[in-house]
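Student: Can you keep this structure in mind? I'll have questions shortly.
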Amino acid sequence: MSTSAEFIWFNGSLIPWKEATVHVMSHALHYGSSVFEGVRVYNTPKGPAVFRLTEHTKRLFDSAKIYRMNVPYSEADINQACKQAVSKNGLQSAYIRPMAFIGDVGLGLTPPLDAQAEVIVAAFEWGAYLGEESMEQGVDVAVTSWNRLAPNTMPTGAKAGGNYLSSQLISREAKRHGYNEGIALDNNGCISEGAGENLFIVKDGVLFTPPVTAAILPGITRDTIMTLAKEAGFKVVEQAMPRESMYLADEIFMTGTAAEIVPVRSVDQIQVGEGKRGPITEQMQKAFFGLFNGTTEDKWGWLHYVND
Ligand code: PMP
């Protein structure tokens, strides 16, 4: 699996992938001053479709707003750029990575007030993030020793480059100890999220997920699952939860654009439910992937066809 393609959208035009370079003195490289998105394109019966494109682009601009970053393009420009990056590379399914970053504007921590962000949109092929097998078998996770960011330190509601040092600590520690992914607790010791995924706990037929105050990124897949679950008649509750609620869950699954819907079969080496994908997780996977094979009706206008 290679994260490359022939062309990349860079500051307004599609250029050859290899020519999309920046200077080593770029502000973002030194201080993490970038905001980004991860968006998936699915090959549907009506051609390639970008999933929830407008919501992803909105979140990109929200992240930029939080960090007072001037993005010299409109949301419509970026939506267009995403579709162009997919079609120009002839992709049927893809992962799209839009990113706005502060370039070579000097090394002062505060960029000049009139500094304009540079913007890229990359699109390339990418399979299941935690492996195809995990979609059915489930993954083994552990609570890591690293907490998520406290709310008054760095905003987890912004999908900013610098935040991903926290995510790297979480996932690297988990992988070093032989787990597929790490789960972080928040500053109060309650369940937050995975390194790059939100978390759902199923107990007695109800779906529980940590609230935005638990230092999570409000995931777009999380929102999709909450919507699809309610549509299927489930009760969905956002609430703070202690670590042991994972041990006592009937089912657990994680959600994310890259990870999609992944069952969790153990937490801290304690088996979750039957130790394999549970029925509600499977139902949610079917409803989710059904959006792309046509078996779930897209009532919400979530699919943005690349060739429209
Ligand atoms: N939390 C974190 C920290 C993430 O990086 C991601 C991936 N973007 C998610 C949750 C899931 O968000 P989404 O469903 O929007 O991809």
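For the structure tokens, the naming scheme is as follows: chains receive sequential letters (A, B, ...) according to their order of presentation, residues are indexed from 1 within each chain, and ligands are indexed from 1 in presentation order.
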Once DSSP has gone over the backbone, tell me which residues of segment 71-171 of chain A are in strand (DSSP E), as a list of chain:residue names.
Tutor: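 Matching residues, listed in order: A:Ala94, A:Tyr95, A:Ile96, A:Arg97, A:Pro98, A:Met99, A:Ala100, A:Phe101, A:Glu118, A:Val119, A:Ile120, A:Val121, A:Ala122, A:Ala123, A:Phe124, A:Val139, A:Asp140, A:Val141, A:Ala142, A:Val143.
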Student: Print the selection's residues with C-alpha atoms to a file, as an mmCIF file, in the first residue's frame.
Tutor:
data_model
loop_
_atom_site.group_PDB
_atom_site.id
_atom_site.type_symbol
_atom_site.label_atom_id
_atom_site.label_comp_id
_atom_site.auth_asym_id
_atom_site.auth_seq_id
_atom_site.Cartn_x
_atom_site.Cartn_y
_atom_site.Cartn_z
ATOM 1 C CA ALA A 94 -9.360 6.467 -2.198
ATOM 2 C CA TYR A 95 -8.293 8.195 0.978
ATOM 3 C CA ILE A 96 -8.144 11.978 0.630
ATOM 4 C CA ARG A 97 -5.859 14.081 2.782
ATOM 5 C CA PRO A 98 -6.619 17.827 2.640
ATOM 6 C CA MET A 99 -4.225 19.877 4.768
ATOM 7 C CA ALA A 100 -3.663 23.579 5.434
ATOM 8 C CA PHE A 101 -0.349 24.512 7.002
ATOM 9 C CA GLU A 118 -0.642 26.763 2.145
ATOM 10 C CA VAL A 119 -3.063 24.033 1.152
ATOM 11 C CA ILE A 120 -2.681 20.576 -0.316
ATOM 12 C CA VAL A 121 -5.192 17.912 -1.230
ATOM 13 C CA ALA A 122 -3.714 14.454 -1.779
ATOM 14 C CA ALA A 123 -5.750 11.433 -2.892
ATOM 15 C CA PHE A 124 -4.413 7.902 -3.050
ATOM 16 C CA VAL A 139 -8.749 -6.104 17.531
ATOM 17 C CA ASP A 140 -6.989 -6.249 20.880
ATOM 18 C CA VAL A 141 -6.587 -2.868 22.564
ATOM 19 C CA ALA A 142 -5.141 -1.573 25.817
ATOM 20 C CA VAL A 143 -5.552 1.578 27.858
#
Student: Which protein, DNA or RNA residues have an atom within 6 Å of ligand 1, counting only C-alpha atoms and all ligand atoms, as a PyMOL selection string?
Tutor: chain A and resi 38+195-198+216-217+219-222+255-257
Student: Determine, for each residue of segment 144-236 of chain A having at least one atom at most 12 Å from an atom of segment 298-302 of chain A, the closest pair of atoms and their separation in Å to one decimal, counting only C-alpha atoms; order by chain and ascending number, as CSV.
Tutor:
residue,atom,partner,partner_atom,distance
A:Ile220,CA,A:Trp302,CA,10.8
A:Thr221,CA,A:Trp302,CA,11.3
A:Asp223,CA,A:Trp302,CA,11.7
A:Thr224,CA,A:Trp302,CA,9.3
A:Thr227,CA,A:Trp300,CA,9.7
A:Leu228,CA,A:Asp298,CA,10.3
A:Glu231,CA,A:Lys299,CA,10.4
Student: Next, dump the selected residues to file, keeping only C-alpha atoms, as a PDB file, in the first residue's frame.
Tutor:
ATOM      1  CA  ILE A 220     -17.741  12.192  11.419  1.00  0.00           C
ATOM      2  CA  THR A 221     -17.924   8.384  11.425  1.00  0.00           C
ATOM      3  CA  ASP A 223     -21.872  10.931  13.942  1.00  0.00           C
ATOM      4  CA  THR A 224     -22.702   8.587  11.047  1.00  0.00           C
ATOM      5  CA  THR A 227     -27.455   8.490  13.053  1.00  0.00           C
ATOM      6  CA  LEU A 228     -27.600   4.974  11.567  1.00  0.00           C
ATOM      7  CA  GLU A 231     -32.452   5.015  12.412  1.00  0.00           C
TER       8      GLU A 231
END
Student: Using DSSP secondary structure from the backbone, list all alpha helix (DSSP H) positions within segment 210-295 of chain A, as a PyMOL selection string.
Tutor: chain A and resi 220-231+244-247+279-293
Student: Write the residues of the selection above to a file with N, CA and C atoms, as a tab-separated table (two decimals), in the first residue's frame.
Tutor:
chain	number	residue	atom	x	y	z
A	220	ILE	N	-16.65	12.19	12.40
A	220	ILE	CA	-17.74	12.19	11.42
A	220	ILE	C	-18.29	10.77	11.27
A	221	THR	N	-17.44	9.77	11.43
A	221	THR	CA	-17.92	8.38	11.43
A	221	THR	C	-18.75	8.13	12.69
A	222	ARG	N	-18.33	8.72	13.80
A	222	ARG	CA	-19.09	8.62	15.06
A	222	ARG	C	-20.49	9.15	14.84
A	223	ASP	N	-20.57	10.33	14.21
A	223	ASP	CA	-21.87	10.93	13.94
A	223	ASP	C	-22.70	10.06	12.99
A	224	THR	N	-22.02	9.47	12.01
A	224	THR	CA	-22.70	8.59	11.05
A	224	THR	C	-23.31	7.39	11.78
A	225	ILE	N	-22.51	6.78	12.66
A	225	ILE	CA	-23.00	5.59	13.40
A	225	ILE	C	-24.14	5.98	14.35
A	226	MET	N	-24.01	7.15	15.00
A	226	MET	CA	-25.10	7.58	15.90
A	226	MET	C	-26.40	7.73	15.11
A	227	THR	N	-26.27	8.28	13.90
A	227	THR	CA	-27.45	8.49	13.05
A	227	THR	C	-28.03	7.15	12.58
A	228	LEU	N	-27.14	6.27	12.09
A	228	LEU	CA	-27.60	4.97	11.57
A	228	LEU	C	-28.18	4.10	12.68
A	229	ALA	N	-27.60	4.20	13.88
A	229	ALA	CA	-28.08	3.39	15.00
A	229	ALA	C	-29.48	3.85	15.42
A	230	LYS	N	-29.66	5.17	15.49
A	230	LYS	CA	-31.00	5.70	15.86
A	230	LYS	C	-32.02	5.31	14.80
A	231	GLU	N	-31.60	5.40	13.54
A	231	GLU	CA	-32.45	5.02	12.41
A	231	GLU	C	-32.90	3.55	12.54
A	244	GLU	N	-13.72	0.66	33.54
A	244	GLU	CA	-14.26	-0.70	33.69
A	244	GLU	C	-15.51	-0.95	32.86
A	245	SER	N	-16.14	0.13	32.36
A	245	SER	CA	-17.32	-0.12	31.52
A	245	SER	C	-16.92	-0.81	30.22
A	246	MET	N	-15.63	-0.69	29.85
A	246	MET	CA	-15.16	-1.44	28.68
A	246	MET	C	-15.06	-2.94	29.01
A	247	TYR	N	-14.61	-3.23	30.24
A	247	TYR	CA	-14.45	-4.65	30.62
A	247	TYR	C	-15.81	-5.35	30.69
A	279	PRO	N	-23.22	-8.98	17.48
A	279	PRO	CA	-24.28	-8.79	16.48
A	279	PRO	C	-24.61	-7.33	16.17
A	280	ILE	N	-24.55	-6.47	17.19
A	280	ILE	CA	-24.90	-5.05	16.92
A	280	ILE	C	-23.77	-4.38	16.14
A	281	THR	N	-22.52	-4.74	16.46
A	281	THR	CA	-21.38	-4.23	15.69
A	281	THR	C	-21.53	-4.63	14.22
A	282	GLU	N	-21.89	-5.90	14.02
A	282	GLU	CA	-22.05	-6.39	12.64
A	282	GLU	C	-23.19	-5.65	11.93
A	283	GLN	N	-24.27	-5.42	12.66
A	283	GLN	CA	-25.40	-4.69	12.08
A	283	GLN	C	-24.98	-3.27	11.68
A	284	MET	N	-24.16	-2.64	12.53
A	284	MET	CA	-23.70	-1.28	12.23
A	284	MET	C	-22.73	-1.27	11.04
A	285	GLN	N	-21.88	-2.28	10.97
A	285	GLN	CA	-20.98	-2.40	9.80
A	285	GLN	C	-21.81	-2.54	8.53
A	286	LYS	N	-22.85	-3.40	8.59
A	286	LYS	CA	-23.68	-3.64	7.40
A	286	LYS	C	-24.38	-2.36	6.98
A	287	ALA	N	-24.90	-1.62	7.97
A	287	ALA	CA	-25.61	-0.37	7.65
A	287	ALA	C	-24.62	0.64	7.06
A	288	PHE	N	-23.42	0.70	7.62
A	288	PHE	CA	-22.41	1.66	7.17
A	288	PHE	C	-21.94	1.33	5.75
A	289	PHE	N	-21.46	0.09	5.57
A	289	PHE	CA	-20.93	-0.27	4.24
A	289	PHE	C	-22.06	-0.35	3.21
A	290	GLY	N	-23.31	-0.54	3.71
A	290	GLY	CA	-24.46	-0.55	2.81
A	290	GLY	C	-24.66	0.78	2.10
A	291	LEU	N	-24.17	1.85	2.72
A	291	LEU	CA	-24.27	3.17	2.08
A	291	LEU	C	-23.51	3.17	0.75
A	292	PHE	N	-22.48	2.33	0.69
A	292	PHE	CA	-21.60	2.35	-0.48
A	292	PHE	C	-21.92	1.26	-1.50
A	293	ASN	N	-22.64	0.20	-1.06
A	293	ASN	CA	-23.03	-0.80	-2.06
A	293	ASN	C	-24.52	-0.67	-2.41
Student: What's around segment 172-177 of chain A at 10 Å? Count only C-alpha atoms, leave out sequence neighbours fewer than 2 positions away in its own chain, and write the answer as a list of chain:residue names.
Tutor: A:Asp140, A:Val141, A:Ala142, A:Val143, A:Thr144, A:Ser145, A:Trp146, A:Ser167, A:Gln168, A:Leu169, A:Ile170, A:Tyr179, A:Asn180, A:Glu181, A:Gly182, A:Ile183, A:Ala195
Student: If you measure from atom CA of Val306 of chain A to atom CA of Gly47 of chain A, what distance in Å do you get, rounded to one decimal?
Tutor: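 Separation of atom CA of Val306 of chain A and atom CA of Gly47 of chain A: 7.5 Å.
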Student: Need to verify the contact set: Val264 of chain A, 9 Å, only C-alpha atoms, exclusion of same-chain residues closer than 5 positions in sequence. Can you return it as a ChimeraX atom specification?
Tutor: /A:134,137-141,251-254,272,275-277
Student: Which polymer residues have any atom within 10 Å of an atom of Ala5 of chain A, counting only C-alpha atoms, with same-chain residues fewer than 5 positions away left out, as a PyMOL selection string?
Tutor: chain A and resi 16-18+85-86+88-91+122-125
Student: Between atom CA of Glu260 of chain A and atom CA of Ala76 of chain A, measure the distance and give it in Å to one decimal.
Tutor: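 Separation between atom CA of Glu260 of chain A and atom CA of Ala76 of chain A: 25.5 Å.
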Student: Measuring atom to atom with only C-alpha atoms, identify which of A:Ala258, A:Glu132, A:Ala249, A:Ala215 is nearest to Ile270 of chain A.
Tutor: A:Ala249
Student: Which polymer residues have any atom within 10 Å of an atom of Glu19 of chain A, counting only C-alpha atoms, with same-chain residues fewer than 6 positions away left out, as a ChimeraX atom specification?
Tutor: /A:7-8,10
Student: May I have the selected residues written with C-alpha atoms, as an mmCIF file, in the first residue's frame?
Tutor:
data_model
loop_
_atom_site.group_PDB
_atom_site.id
_atom_site.type_symbol
_atom_site.label_atom_id
_atom_site.label_comp_id
_atom_site.auth_asym_id
_atom_site.auth_seq_id
_atom_site.Cartn_x
_atom_site.Cartn_y
_atom_site.Cartn_z
ATOM 1 C CA PHE A 7 -0.959 14.210 -9.109
ATOM 2 C CA ILE A 8 -1.583 16.311 -6.041
ATOM 3 C CA PHE A 10 -1.157 22.162 -4.208
#
Student: So how many Å separate atom CA of Ser26 of chain A and atom CA of Trp9 of chain A, to one decimal?
Tutor: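 It comes out at 18.5 Å.
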Student: Fewer than 4 positions away in the same chain doesn't count, so skip those; otherwise give me all residues within 10 Å of Thr156 of chain A, counting only C-alpha atoms, as a list in words.
Tutor: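 Once the adjacent positions are removed, what remains is Ser63, Arg148, Leu149, Ala150, Pro151, Asn152, Ala160, Asn163, Tyr164, Val212, Thr213, Ala214, Ala215, Ile216, Leu217 and Pro218 of chain A.
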Student: When you count only C-alpha atoms, which of these residues is closest to Gly131 of chain A: A:Asn307, A:Glu55, A:Ile102, A:Ala259?
Tutor: A:Ala259
